[in-house]
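*Asks:* Sharing input.cif (mmCIF, C-alpha atoms and all ligand atoms) below.
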data_target
#
loop_
_atom_site.label_atom_id
_atom_site.label_comp_id
_atom_site.auth_asym_id
_atom_site.auth_seq_id
_atom_site.Cartn_x
_atom_site.Cartn_y
_atom_site.Cartn_z
CA MET A 1 177.52 -58.45 -159.17
CA GLN A 2 179.27 -59.65 -162.33
CA PHE A 3 177.60 -60.54 -165.64
CA ILE A 4 180.17 -63.35 -166.03
CA ASP A 5 182.32 -63.84 -162.93
CA LEU A 6 185.73 -64.94 -164.19
CA LYS A 7 187.35 -63.85 -160.92
CA ALA A 8 185.39 -66.39 -158.86
CA GLN A 9 186.46 -69.11 -161.26
CA GLN A 10 190.09 -67.96 -161.13
CA GLN A 11 190.10 -68.09 -157.33
CA ARG A 12 189.07 -71.73 -157.53
CA ILE A 13 191.85 -72.79 -159.93
CA ARG A 14 194.51 -70.12 -159.45
CA SER A 15 197.27 -72.39 -158.14
CA GLY A 16 196.76 -74.94 -160.91
CA ILE A 17 196.83 -72.21 -163.56
CA GLU A 18 200.04 -70.78 -162.13
CA ARG A 19 201.66 -74.21 -162.02
CA ARG A 20 200.83 -74.87 -165.67
CA ILE A 21 201.98 -71.43 -166.87
CA LYS A 22 205.21 -71.88 -164.94
CA ARG A 23 205.81 -75.17 -166.73
CA VAL A 24 205.46 -73.42 -170.10
CA LEU A 25 207.89 -70.71 -169.01
CA GLU A 26 210.33 -73.43 -168.08
CA HIS A 27 210.19 -75.50 -171.29
CA GLY A 28 209.91 -72.35 -173.42
CA ARG A 29 208.03 -73.93 -176.36
CA TYR A 30 205.61 -71.02 -176.74
CA ILE A 31 204.50 -72.08 -180.22
CA MET A 32 202.99 -75.59 -180.56
CA GLY A 33 204.37 -76.76 -177.23
CA PRO A 34 203.34 -80.11 -175.70
CA GLU A 35 200.26 -78.55 -174.05
CA VAL A 36 198.74 -77.93 -177.51
CA ALA A 37 198.73 -81.62 -178.46
CA GLU A 38 197.46 -82.60 -175.01
CA LEU A 39 194.65 -80.07 -175.29
CA GLU A 40 193.65 -81.31 -178.75
CA GLU A 41 193.37 -84.86 -177.47
CA LYS A 42 191.17 -83.77 -174.58
CA LEU A 43 188.97 -81.53 -176.71
CA ALA A 44 188.32 -84.38 -179.14
CA ALA A 45 187.46 -86.64 -176.19
CA VAL A 46 184.95 -84.13 -174.79
CA ALA A 47 183.36 -83.49 -178.20
CA GLY A 48 183.40 -87.13 -179.24
CA THR A 49 185.16 -86.38 -182.53
CA LYS A 50 188.18 -88.07 -184.07
CA HIS A 51 190.04 -84.79 -184.54
CA ALA A 52 190.35 -81.45 -182.77
CA VAL A 53 192.57 -78.87 -184.43
CA SER A 54 193.22 -76.00 -182.06
CA CYS A 55 193.64 -72.52 -183.47
CA SER A 56 193.87 -68.80 -182.75
CA SER A 57 190.15 -67.95 -182.32
CA GLY A 58 186.62 -69.07 -183.06
CA THR A 59 186.58 -66.76 -186.06
CA ASP A 60 189.74 -68.34 -187.47
CA ALA A 61 188.25 -71.77 -186.76
CA LEU A 62 185.29 -70.87 -189.02
CA LEU A 63 187.62 -69.47 -191.67
CA MET A 64 189.87 -72.54 -191.58
CA ALA A 65 186.87 -74.87 -191.90
CA LEU A 66 185.65 -72.94 -194.95
CA LEU A 67 189.14 -73.00 -196.51
CA ALA A 68 189.39 -76.75 -195.87
CA HIS A 69 186.11 -77.19 -197.79
CA GLY A 70 187.38 -75.08 -200.67
CA VAL A 71 184.79 -72.32 -200.27
CA ARG A 72 185.51 -69.60 -202.80
CA ARG A 73 184.26 -66.61 -204.76
CA GLY A 74 180.63 -66.89 -205.79
CA ASP A 75 179.72 -69.62 -203.30
CA ILE A 76 176.55 -69.11 -201.27
CA LEU A 77 176.26 -70.38 -197.68
CA PHE A 78 173.12 -70.25 -195.54
CA ALA A 79 173.35 -68.86 -192.00
CA PRO A 80 170.97 -67.37 -189.44
CA SER A 81 170.76 -63.58 -189.36
CA PHE A 82 170.38 -63.60 -185.57
CA THR A 83 173.93 -64.41 -184.44
CA PHE A 84 177.32 -62.88 -183.66
CA ILE A 85 178.90 -61.12 -186.62
CA ALA A 86 181.77 -63.65 -186.96
CA THR A 87 179.44 -66.44 -188.17
CA ALA A 88 178.91 -64.72 -191.51
CA GLU A 89 181.81 -62.26 -191.60
CA VAL A 90 184.25 -64.94 -192.72
CA LEU A 91 182.30 -65.54 -195.95
CA PRO A 92 182.89 -62.20 -197.75
CA LEU A 93 186.60 -62.54 -196.82
CA LEU A 94 186.62 -65.48 -199.24
CA GLY A 95 184.38 -63.79 -201.78
CA ALA A 96 181.50 -66.05 -200.70
CA VAL A 97 178.02 -64.73 -199.92
CA PRO A 98 175.98 -65.28 -196.74
CA ALA A 99 172.31 -66.06 -197.51
CA PHE A 100 170.40 -65.22 -194.36
CA VAL A 101 167.77 -67.51 -192.89
CA ASP A 102 165.22 -66.79 -190.15
CA ILE A 103 165.21 -68.27 -186.64
CA ASP A 104 162.74 -70.21 -184.56
CA PRO A 105 161.43 -67.53 -182.16
CA GLU A 106 161.42 -69.94 -179.19
CA THR A 107 164.84 -71.60 -179.43
CA PHE A 108 166.45 -68.61 -181.22
CA ASN A 109 168.26 -71.10 -183.50
CA ILE A 110 168.02 -71.41 -187.29
CA ASP A 111 164.53 -72.52 -188.38
CA PRO A 112 164.76 -75.60 -190.65
CA GLY A 113 161.54 -74.55 -192.43
CA SER A 114 162.97 -71.15 -193.28
CA LEU A 115 166.25 -72.82 -194.31
CA ARG A 116 164.47 -75.08 -196.80
CA GLU A 117 162.52 -72.15 -198.19
CA ALA A 118 165.72 -70.11 -198.52
CA ILE A 119 167.47 -72.90 -200.42
CA LEU A 120 164.56 -73.31 -202.83
CA GLN A 121 164.42 -69.56 -203.44
CA ALA A 122 168.20 -69.39 -203.95
CA LYS A 123 168.02 -72.23 -206.48
CA LYS A 124 165.41 -70.23 -208.40
CA ASP A 125 167.41 -66.99 -208.20
CA ASP A 126 170.49 -68.87 -209.44
CA ASN A 127 173.11 -66.25 -208.64
CA GLY A 128 175.83 -68.40 -207.11
CA THR A 129 176.88 -71.93 -206.23
CA LEU A 130 174.98 -73.24 -203.21
CA ARG A 131 177.69 -74.75 -201.02
CA GLY A 132 176.87 -75.02 -197.35
CA ILE A 133 174.96 -74.22 -194.20
CA ILE A 134 176.37 -72.62 -191.05
CA PRO A 135 173.92 -73.27 -188.20
CA VAL A 136 174.73 -71.57 -184.89
CA ASP A 137 174.19 -73.13 -181.44
CA LEU A 138 172.95 -69.91 -179.91
CA PHE A 139 173.49 -69.27 -176.21
CA GLY A 140 174.78 -72.84 -175.81
CA LEU A 141 171.79 -74.75 -177.25
CA LEU A 142 172.50 -77.04 -180.21
CA ALA A 143 170.58 -76.28 -183.39
CA ASP A 144 168.21 -78.92 -184.85
CA TYR A 145 170.89 -80.97 -186.62
CA ASP A 146 168.59 -83.91 -187.46
CA ALA A 147 166.53 -81.59 -189.64
CA ILE A 148 169.47 -79.50 -190.88
CA ASN A 149 171.64 -82.48 -191.87
CA ALA A 150 168.70 -84.03 -193.74
CA ILE A 151 168.16 -80.81 -195.71
CA ALA A 152 171.91 -80.56 -196.38
CA GLU A 153 171.95 -84.06 -197.78
CA GLU A 154 168.90 -83.44 -199.94
CA PHE A 155 170.54 -80.43 -201.59
CA GLY A 156 174.18 -81.62 -201.56
CA LEU A 157 175.44 -78.98 -199.11
CA PHE A 158 178.03 -79.32 -196.34
CA VAL A 159 177.28 -78.26 -192.76
CA LEU A 160 179.68 -76.19 -190.66
CA GLN A 161 178.46 -76.10 -187.08
CA ASP A 162 179.18 -72.76 -185.38
CA ALA A 163 179.68 -74.21 -181.92
CA ALA A 164 181.42 -71.09 -180.56
CA GLN A 165 178.89 -70.86 -177.72
CA SER A 166 178.07 -74.53 -177.27
CA PHE A 167 181.22 -76.51 -176.49
CA GLY A 168 180.08 -79.08 -173.89
CA ALA A 169 176.38 -79.03 -174.92
CA SER A 170 174.68 -82.16 -176.22
CA PHE A 171 171.67 -83.67 -177.94
CA GLU A 172 170.88 -87.30 -177.06
CA GLY A 173 174.36 -87.53 -175.59
CA ARG A 174 176.09 -86.37 -178.80
CA ARG A 175 178.18 -83.41 -177.89
CA ALA A 176 178.77 -80.09 -179.63
CA GLY A 177 181.29 -80.44 -182.40
CA SER A 178 180.07 -83.89 -183.43
CA ASN A 179 176.64 -82.91 -184.73
CA ALA A 180 177.63 -81.98 -188.29
CA GLN A 181 180.40 -82.67 -190.80
CA ILE A 182 182.69 -80.07 -189.26
CA ALA A 183 182.46 -77.64 -186.38
CA ALA A 184 184.17 -74.49 -185.14
CA THR A 185 184.33 -73.50 -181.50
CA SER A 186 185.77 -70.60 -179.51
CA PHE A 187 187.63 -70.26 -176.22
CA PHE A 188 187.20 -66.50 -175.93
CA PRO A 189 187.25 -65.74 -172.17
CA ALA A 190 183.47 -65.22 -171.87
CA LYS A 191 182.50 -68.51 -173.57
CA PRO A 192 181.54 -71.50 -171.39
CA LEU A 193 185.09 -72.86 -171.78
CA GLY A 194 187.31 -69.80 -172.08
CA CYS A 195 191.05 -69.11 -171.88
CA TYR A 196 192.84 -65.87 -170.95
CA GLY A 197 193.09 -64.56 -174.48
CA ASP A 198 191.92 -65.73 -177.91
CA ALA A 199 191.77 -69.35 -178.99
CA GLY A 200 189.46 -71.77 -180.79
CA ALA A 201 189.29 -75.19 -182.39
CA VAL A 202 187.95 -77.01 -185.43
CA LEU A 203 186.38 -80.41 -184.76
CA CYS A 204 185.79 -83.15 -187.35
CA ASN A 205 186.04 -86.88 -188.04
CA ASP A 206 187.60 -86.75 -191.50
CA ASP A 207 191.35 -87.57 -191.61
CA VAL A 208 191.95 -85.70 -194.88
CA VAL A 209 190.13 -82.57 -193.69
CA SER A 210 192.03 -82.67 -190.41
CA GLN A 211 195.36 -82.80 -192.29
CA LYS A 212 194.27 -79.87 -194.46
CA LEU A 213 193.32 -77.88 -191.36
CA ARG A 214 196.74 -78.50 -189.83
CA SER A 215 198.36 -77.24 -193.01
CA ILE A 216 196.06 -74.20 -193.30
CA ARG A 217 196.84 -73.30 -189.68
CA VAL A 218 200.51 -72.77 -190.56
CA HIS A 219 200.52 -70.82 -193.84
CA GLY A 220 199.39 -73.76 -195.95
CA ARG A 221 202.52 -75.66 -195.13
CA GLY A 222 203.45 -78.90 -196.91
CA SER A 223 205.64 -81.70 -195.63
CA HIS A 224 208.41 -79.37 -194.43
CA GLU A 225 208.59 -75.87 -193.03
CA TYR A 226 209.35 -73.87 -196.20
CA GLU A 227 207.15 -75.83 -198.57
CA SER A 228 203.83 -74.13 -199.17
CA VAL A 229 201.04 -76.14 -200.80
CA ARG A 230 197.99 -73.92 -200.31
CA ILE A 231 197.00 -70.48 -199.07
CA GLY A 232 196.64 -70.54 -195.31
CA LEU A 233 197.10 -68.32 -192.30
CA ASN A 234 198.95 -67.93 -189.03
CA GLY A 235 196.24 -69.55 -186.98
CA ARG A 236 197.91 -71.46 -184.16
CA CYS A 237 196.75 -71.61 -180.54
CA ASP A 238 199.40 -70.26 -178.11
CA THR A 239 200.94 -72.86 -175.78
CA ILE A 240 200.10 -70.70 -172.75
CA GLN A 241 196.41 -70.58 -173.74
CA ALA A 242 196.41 -74.36 -174.18
CA ALA A 243 197.89 -74.72 -170.68
CA ILE A 244 195.14 -72.54 -169.22
CA LEU A 245 192.43 -74.49 -171.04
CA LEU A 246 193.83 -77.79 -169.72
CA GLU A 247 193.40 -76.52 -166.18
CA LYS A 248 189.91 -75.19 -166.88
CA LEU A 249 188.88 -78.51 -168.42
CA GLU A 250 189.42 -80.13 -165.01
CA ILE A 251 186.39 -78.27 -163.64
CA PHE A 252 184.41 -77.91 -166.85
CA GLU A 253 181.86 -80.71 -166.27
CA ASP A 254 181.16 -79.41 -162.78
CA GLU A 255 180.72 -75.90 -164.17
CA ILE A 256 178.21 -77.15 -166.72
CA LYS A 257 176.16 -78.67 -163.87
CA ARG A 258 176.29 -75.38 -161.98
CA ARG A 259 175.19 -73.45 -165.06
CA HIS A 260 172.27 -75.82 -165.23
CA ARG A 261 171.16 -75.15 -161.70
CA VAL A 262 171.29 -71.40 -162.32
CA ALA A 263 169.31 -71.68 -165.57
CA ALA A 264 166.72 -74.00 -164.05
CA ARG A 265 166.08 -71.52 -161.23
CA TYR A 266 165.72 -68.60 -163.64
CA THR A 267 163.30 -70.56 -165.80
CA GLU A 268 161.26 -71.75 -162.83
CA LYS A 269 160.84 -68.20 -161.53
CA LEU A 270 160.68 -66.16 -164.73
CA GLY A 271 159.12 -68.63 -167.19
CA GLU A 272 155.57 -67.45 -166.61
CA LYS A 273 156.10 -63.74 -167.10
CA TYR A 274 158.77 -63.90 -169.83
CA SER A 275 159.43 -65.94 -172.97
CA VAL A 276 162.68 -67.60 -171.98
CA GLN A 277 164.76 -69.66 -174.43
CA ARG A 278 163.02 -73.00 -175.00
CA ILE A 279 165.25 -76.06 -174.59
CA PRO A 280 163.71 -78.93 -176.59
CA ALA A 281 163.62 -82.48 -175.17
CA ARG A 282 166.87 -84.49 -174.94
CA HIS A 283 168.99 -81.33 -175.26
CA VAL A 284 171.57 -80.23 -172.71
CA SER A 285 172.52 -76.58 -173.15
CA VAL A 286 175.73 -75.10 -171.70
CA TRP A 287 173.97 -71.78 -171.13
CA ALA A 288 176.57 -69.46 -172.61
CA GLN A 289 173.89 -66.83 -171.99
CA TYR A 290 170.54 -66.81 -170.24
CA SER A 291 168.28 -64.81 -172.54
CA LEU A 292 164.63 -63.82 -172.51
CA LEU A 293 162.17 -61.74 -174.49
CA SER A 294 160.48 -58.76 -172.92
CA GLY A 295 157.56 -56.62 -174.08
CA ASP A 296 159.17 -53.73 -172.18
CA ARG A 297 162.89 -54.27 -172.60
CA ASP A 298 163.90 -50.65 -171.96
CA GLY A 299 161.91 -50.59 -168.71
CA ASP A 300 163.34 -53.91 -167.52
CA LEU A 301 166.91 -52.92 -168.36
CA ASP A 302 166.52 -49.54 -166.62
CA ARG A 303 165.22 -51.11 -163.43
CA LEU A 304 167.98 -53.73 -163.34
CA LYS A 305 170.55 -50.99 -163.95
CA GLU A 306 169.17 -48.88 -161.08
CA HIS A 307 169.83 -51.85 -158.78
CA GLY A 308 173.34 -52.36 -160.12
CA ILE A 309 172.53 -55.55 -162.05
CA PRO A 310 174.60 -55.92 -165.23
CA THR A 311 172.78 -57.01 -168.40
CA ALA A 312 173.60 -57.33 -172.09
CA ILE A 313 171.77 -57.42 -175.40
CA TYR A 314 172.75 -60.30 -177.66
CA TYR A 315 172.07 -59.11 -180.34
CA PRO A 316 170.61 -55.67 -180.95
CA THR A 317 170.80 -55.85 -184.78
CA PRO A 318 170.32 -58.84 -187.10
CA LEU A 319 173.22 -59.29 -189.51
CA HIS A 320 171.21 -58.51 -192.64
CA LEU A 321 170.66 -54.98 -191.27
CA GLN A 322 174.33 -54.38 -190.38
CA GLU A 323 176.12 -51.84 -192.54
CA ALA A 324 179.05 -54.20 -193.13
CA PHE A 325 176.82 -56.69 -194.95
CA GLN A 326 174.91 -54.26 -197.12
CA ASN A 327 176.60 -55.13 -200.40
CA VAL A 328 177.83 -58.61 -199.61
CA CYS A 329 174.80 -60.56 -198.36
CA TYR A 330 171.61 -62.00 -199.74
CA SER A 331 168.24 -62.43 -198.01
CA PRO A 332 166.16 -65.00 -199.91
CA VAL A 333 163.43 -65.23 -197.22
CA PRO A 334 161.67 -62.87 -194.78
CA LEU A 335 163.63 -62.44 -191.54
CA THR A 336 160.70 -61.35 -189.39
CA HIS A 337 161.50 -63.33 -186.24
CA SER A 338 165.16 -62.30 -186.33
CA GLU A 339 164.14 -58.64 -186.44
CA ARG A 340 161.54 -58.90 -183.66
CA VAL A 341 163.75 -60.93 -181.33
CA CYS A 342 166.50 -58.31 -181.70
CA ARG A 343 164.06 -55.70 -180.40
CA GLN A 344 162.89 -57.77 -177.40
CA ILE A 345 165.78 -59.88 -176.19
CA PHE A 346 168.20 -59.33 -173.35
CA SER A 347 170.50 -61.49 -171.21
CA LEU A 348 170.86 -61.81 -167.45
CA PRO A 349 173.98 -62.50 -165.37
CA MET A 350 174.87 -66.16 -165.99
CA HIS A 351 177.91 -68.06 -164.75
CA PRO A 352 178.64 -71.14 -162.62
CA TYR A 353 179.27 -69.09 -159.47
CA LEU A 354 176.11 -66.95 -159.39
CA SER A 355 174.72 -67.18 -155.84
CA GLU A 356 171.06 -67.94 -155.11
CA GLU A 357 170.82 -64.63 -153.22
CA ASP A 358 172.00 -62.64 -156.23
CA GLN A 359 169.68 -64.60 -158.47
CA ASP A 360 166.73 -63.95 -156.19
CA ARG A 361 167.43 -60.21 -156.29
CA ILE A 362 167.43 -60.23 -160.08
CA VAL A 363 164.22 -62.23 -160.22
CA GLU A 364 162.48 -60.01 -157.71
CA ILE A 365 163.32 -56.84 -159.61
CA LEU A 366 161.93 -58.38 -162.80
CA LEU A 367 158.78 -59.78 -161.21
CA THR A 368 157.83 -56.65 -159.29
CA GLY A 369 158.32 -54.33 -162.28
C1 LIG A 401 182.24 -65.81 -180.09
C2 LIG A 401 181.63 -66.26 -181.36
C3 LIG A 401 182.39 -66.45 -182.54
C4 LIG A 401 183.81 -66.04 -182.66
O1 LIG A 401 184.68 -66.50 -181.72
P1 LIG A 401 186.03 -65.68 -181.40
O2 LIG A 401 186.84 -66.66 -180.62
O3 LIG A 401 185.63 -64.48 -180.62
O4 LIG A 401 186.66 -65.32 -182.69
C5 LIG A 401 181.75 -66.98 -183.64
N1 LIG A 401 180.44 -67.28 -183.62
C6 LIG A 401 179.68 -67.10 -182.54
C7 LIG A 401 178.25 -67.49 -182.57
C8 LIG A 401 180.25 -66.57 -181.37
O5 LIG A 401 179.47 -66.37 -180.29
#
Can the structure in the file be given as structure tokens, please?
*Replies:*
Amino acid sequence: MQFIDLKAQQQRIRSGIERRIKRVLEHGRYIMGPEVAELEEKLAAVAGTKHAVSCSSGTDALLMALLAHGVRRGDILFAPSFTFIATAEVLPLLGAVPAFVDIDPETFNIDPGSLREAILQAKKDDNGTLRGIIPVDLFGLLADYDAINAIAEEFGLFVLQDAAQSFGASFEGRRAGSNAQIAATSFFPAKPLGCYGDAGAVLCNDDVVSQKLRSIRVHGRGSHEYESVRIGLNGRCDTIQAAILLEKLEIFEDEIKRRHRVAARYTEKLGEKYSVQRIPARHVSVWAQYSLLSGDRDGDLDRLKEHGIPTAIYYPTPLHLQEAFQNVCYSPVPLTHSERVCRQIFSLPMHPYLSEEDQDRIVEILLTG
């Protein structure tokens, strides 16, 4: 059994993938070939944003979005502590400081109450310029953007949506990438929409920001190749990765439906014994991971392992306790839920091709333990 079965997906689309890669080999435009522009158009259509700027990874997408907003030394940005390292890692690169906020212990996303408290405390402490908020759509569930955007407006902050795990998800029909001012997503192979390497995209509606992002992506380029107007990076998405994503987009909506069926079955069978991630009303998650809390995580993981079931822990350590952040972060509020969830959470095999038989085996092992 696979934790994420990329082989099953490849079998389904192998000939289409080969055809598209062959086309790239034939035209030879490996950098910014026609597939890149076609992909950007389709990504914007899926997300419901005016612009999609493809790039080299989800991490670079976050970095480019921060650069486009002029984030710099001394700026403070609020982010959950319970997330993948990349969410906050990009801040110290710019001399900015992550201020960690606690999560809602049921959705695992940033808690708007804790966010508000953190902002008020940071205003009092007055040791940097409060600039923005980076909510994360953990495991494919959108954060509470109605509440977050209202808080952002109240305090004059911008919101960068970390949609690395949520591309395709929605709230009231508004899809990931369109829920805040600007969003970053990832096409790392294990994400719901993944390529065969690294790639990502920045999504936004603002024409000026989109132009800036396109300049930042190529060394801060101006109107011609050797004119440099700002500090940027080499952050382009490879043509071959764009070609692969175009083929995967053909089956993406169907895969989201399949993920749903798998998640619904897990929740139906495990929801009584375990605290599974709560999906609030009018939300559609893309189930990047299926995660639950256990009072006996070690025991559960051991039993699943004995039966050859792969599992993972996302995430074993909250960011504020990571060595890398020790001298470069700030924790204005208690992070109690983040710490407890890290001790109790684990994730089960989740992908569009998980069979009911395999799922039933997993469930039985957990329920008879
Ligand atoms: C995967 C991920 C990223 C980074 O994406 P890469 O494409 O791997 O650089 C950022 N934030 C979160 C929450 C992620 O899960």
*Asks:* Report the distance between CA of Arg72 in chain A and CA of Arg230 in chain A in Å, rounded to one decimal place.
*Replies:* 13.4 Å
*Asks:* Might you pull out every residue within 8 Å of range 29-39 of chain A, with all atoms listed in the file counted and same-chain residues fewer than 5 positions away left off, and present them as a list in words?
*Replies:* Val24, Ser54, Arg236, Cys237, Asp238, Thr239, Ile240, Ala242, Ala243, Leu245 and Leu246 of chain A
*Asks:* Please identify all protein, DNA and RNA residues within 8 Å of ligand LIG 401 (chain A), counting only C-alpha atoms and all ligand atoms, and report them as an MDAnalysis selection string.
*Replies:* chainID A and resid 56:62 83:87 136:139 162:165 185:188 191 198:200
*Asks:* For the atom pair CA of Ala47 in chain A and CA of Ser347 in chain A, what is the interatomic distance in Å to one decimal place?
*Replies:*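 Distance reported for this atom pair: 26.4 Å.
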*Asks:* Might you pull out every residue within 12 Å of Ala79 in chain A, with only C-alpha atoms counted and same-chain residues fewer than 6 positions away left off, and present them as a ChimeraX atom specification?
*Replies:* /A:85-91,97-103,109-112,114-116,118-119,131-137,143,148,159-162,318-320,329-333,335,338
*Asks:* With 12 Å as the cut-off and all atoms listed in the file counted, what is the closest atom pair between each nearby residue of range 213-263 of chain A and range 290-297 of chain A? Distances in Å to one decimal, ordered by chain and number, as a Markdown table.
*Replies:*
| residue | atom | partner | partner_atom | distance |
| --- | --- | --- | --- | --- |
| A:Arg259 | CA | A:Tyr290 | CA | 9.6 |
| A:His260 | CA | A:Tyr290 | CA | 10.5 |
| A:Arg261 | CA | A:Tyr290 | CA | 12.0 |
| A:Val262 | CA | A:Tyr290 | CA | 9.2 |
| A:Ala263 | CA | A:Tyr290 | CA | 6.9 |
*Asks:* If we count all atoms listed in the file and set the cut-off at 9 Å, which residues sit around range 167-174 of chain A, ignoring sequence neighbours fewer than 4 positions away in its own chain? Please answer as a list in words.
*Replies:*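 Counting all atoms listed in the file, the residues come to Val46, Ala47, Gly48, Gly140, Leu141, Leu142, Ala163, Ser178, Asn179, Thr185, Ser186, Phe187, Lys191, Pro192, Leu193, Phe252, Glu253, Ile256, Ala281, Arg282, His283, Val284, Ser285, Val286 and Trp287 of chain A.
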*Asks:* Can you work out the spacing between CA of Ala180 in chain A and CA of Val202 in chain A in Å, to one decimal?
*Replies:* 11.8 Å
*Asks:* Using only C-alpha atoms, which residue out of A:Cys195, A:Leu304, A:Ile345, A:Leu270 lies closest to Glu247 in chain A?
*Replies:* A:Cys195
*Asks:* Restricting the calculation to all atoms listed in the file, which member of A:Met1, A:Val276, A:Leu130, A:Leu321 is positioned closest to Phe346 in chain A?
*Replies:*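 The shortest atom-to-atom distance to Phe346 in chain A comes from A:Val276.
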*Asks:* Tell me which of A:Thr49, A:Gln326, A:Asn149, A:Ser15 sits closest to Gly177 in chain A, counting only C-alpha atoms.
*Replies:*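 So, comparing all the options, the nearest one is A:Thr49.
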*Asks:* Box for range 217-222 of chain A: with edges along x, y and z, all listed atoms inside and 5 Å added on each side, what are the centre and edge lengths in Å to one decimal, as JSON?
*Replies:*
{"center_x": 200.1, "center_y": -74.9, "center_z": -193.3, "size_x": 16.6, "size_y": 18.1, "size_z": 17.2}
*Asks:* Working from the structure I just supplied, which lacks atoms in range 111-124 of chain A, can you model N, CA, C and O atoms there and output them as a PDB file, in the frame of the given file?
*Replies:*
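Output below, filename out08.pdb:
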ATOM      1  N   ASP A 111     165.794 -71.805-188.192  1.00  0.00           N
ATOM      2  CA  ASP A 111     164.530 -72.520-188.380  1.00  0.00           C
ATOM      3  C   ASP A 111     164.641 -73.390-189.642  1.00  0.00           C
ATOM      4  O   ASP A 111     164.803 -72.865-190.743  1.00  0.00           O
ATOM      5  N   PRO A 112     164.586 -74.727-189.485  1.00  0.00           N
ATOM      6  CA  PRO A 112     164.760 -75.600-190.650  1.00  0.00           C
ATOM      7  C   PRO A 112     163.740 -75.315-191.769  1.00  0.00           C
ATOM      8  O   PRO A 112     164.074 -75.456-192.948  1.00  0.00           O
ATOM      9  N   GLY A 113     162.538 -74.888-191.412  1.00  0.00           N
ATOM     10  CA  GLY A 113     161.540 -74.550-192.430  1.00  0.00           C
ATOM     11  C   GLY A 113     161.986 -73.363-193.265  1.00  0.00           C
ATOM     12  O   GLY A 113     161.907 -73.372-194.502  1.00  0.00           O
ATOM     13  N   SER A 114     162.487 -72.348-192.589  1.00  0.00           N
ATOM     14  CA  SER A 114     162.970 -71.150-193.280  1.00  0.00           C
ATOM     15  C   SER A 114     164.217 -71.489-194.109  1.00  0.00           C
ATOM     16  O   SER A 114     164.406 -70.961-195.215  1.00  0.00           O
ATOM     17  N   LEU A 115     165.039 -72.392-193.597  1.00  0.00           N
ATOM     18  CA  LEU A 115     166.250 -72.820-194.310  1.00  0.00           C
ATOM     19  C   LEU A 115     165.886 -73.461-195.654  1.00  0.00           C
ATOM     20  O   LEU A 115     166.442 -73.133-196.702  1.00  0.00           O
ATOM     21  N   ARG A 116     164.902 -74.370-195.595  1.00  0.00           N
ATOM     22  CA  ARG A 116     164.470 -75.080-196.800  1.00  0.00           C
ATOM     23  C   ARG A 116     163.929 -74.097-197.838  1.00  0.00           C
ATOM     24  O   ARG A 116     164.281 -74.143-199.022  1.00  0.00           O
ATOM     25  N   GLU A 117     163.105 -73.179-197.329  1.00  0.00           N
ATOM     26  CA  GLU A 117     162.520 -72.150-198.190  1.00  0.00           C
ATOM     27  C   GLU A 117     163.624 -71.293-198.827  1.00  0.00           C
ATOM     28  O   GLU A 117     163.567 -70.964-200.016  1.00  0.00           O
ATOM     29  N   ALA A 118     164.620 -70.950-198.031  1.00  0.00           N
ATOM     30  CA  ALA A 118     165.720 -70.110-198.520  1.00  0.00           C
ATOM     31  C   ALA A 118     166.505 -70.833-199.615  1.00  0.00           C
ATOM     32  O   ALA A 118     166.883 -70.231-200.627  1.00  0.00           O
ATOM     33  N   ILE A 119     166.722 -72.132-199.423  1.00  0.00           N
ATOM     34  CA  ILE A 119     167.470 -72.900-200.420  1.00  0.00           C
ATOM     35  C   ILE A 119     166.688 -72.964-201.739  1.00  0.00           C
ATOM     36  O   ILE A 119     167.246 -72.753-202.823  1.00  0.00           O
ATOM     37  N   LEU A 120     165.386 -73.228-201.625  1.00  0.00           N
ATOM     38  CA  LEU A 120     164.560 -73.310-202.830  1.00  0.00           C
ATOM     39  C   LEU A 120     164.546 -71.981-203.580  1.00  0.00           C
ATOM     40  O   LEU A 120     164.674 -71.935-204.805  1.00  0.00           O
ATOM     41  N   GLN A 121     164.426 -70.893-202.825  1.00  0.00           N
ATOM     42  CA  GLN A 121     164.420 -69.560-203.440  1.00  0.00           C
ATOM     43  C   GLN A 121     165.776 -69.276-204.108  1.00  0.00           C
ATOM     44  O   GLN A 121     165.840 -68.767-205.218  1.00  0.00           O
ATOM     45  N   ALA A 122     166.858 -69.649-203.406  1.00  0.00           N
ATOM     46  CA  ALA A 122     168.200 -69.390-203.950  1.00  0.00           C
ATOM     47  C   ALA A 122     168.441 -70.202-205.217  1.00  0.00           C
ATOM     48  O   ALA A 122     169.114 -69.738-206.140  1.00  0.00           O
ATOM     49  N   LYS A 123     167.893 -71.411-205.262  1.00  0.00           N
ATOM     50  CA  LYS A 123     168.020 -72.230-206.480  1.00  0.00           C
ATOM     51  C   LYS A 123     167.349 -71.524-207.660  1.00  0.00           C
ATOM     52  O   LYS A 123     167.872 -71.487-208.766  1.00  0.00           O
ATOM     53  N   LYS A 124     166.163 -70.959-207.368  1.00  0.00           N
ATOM     54  CA  LYS A 124     165.410 -70.230-208.400  1.00  0.00           C
ATOM     55  C   LYS A 124     166.196 -69.002-208.860  1.00  0.00           C
ATOM     56  O   LYS A 124     166.327 -68.727-210.040  1.00  0.00           O
TER      57      LYS A 124
END
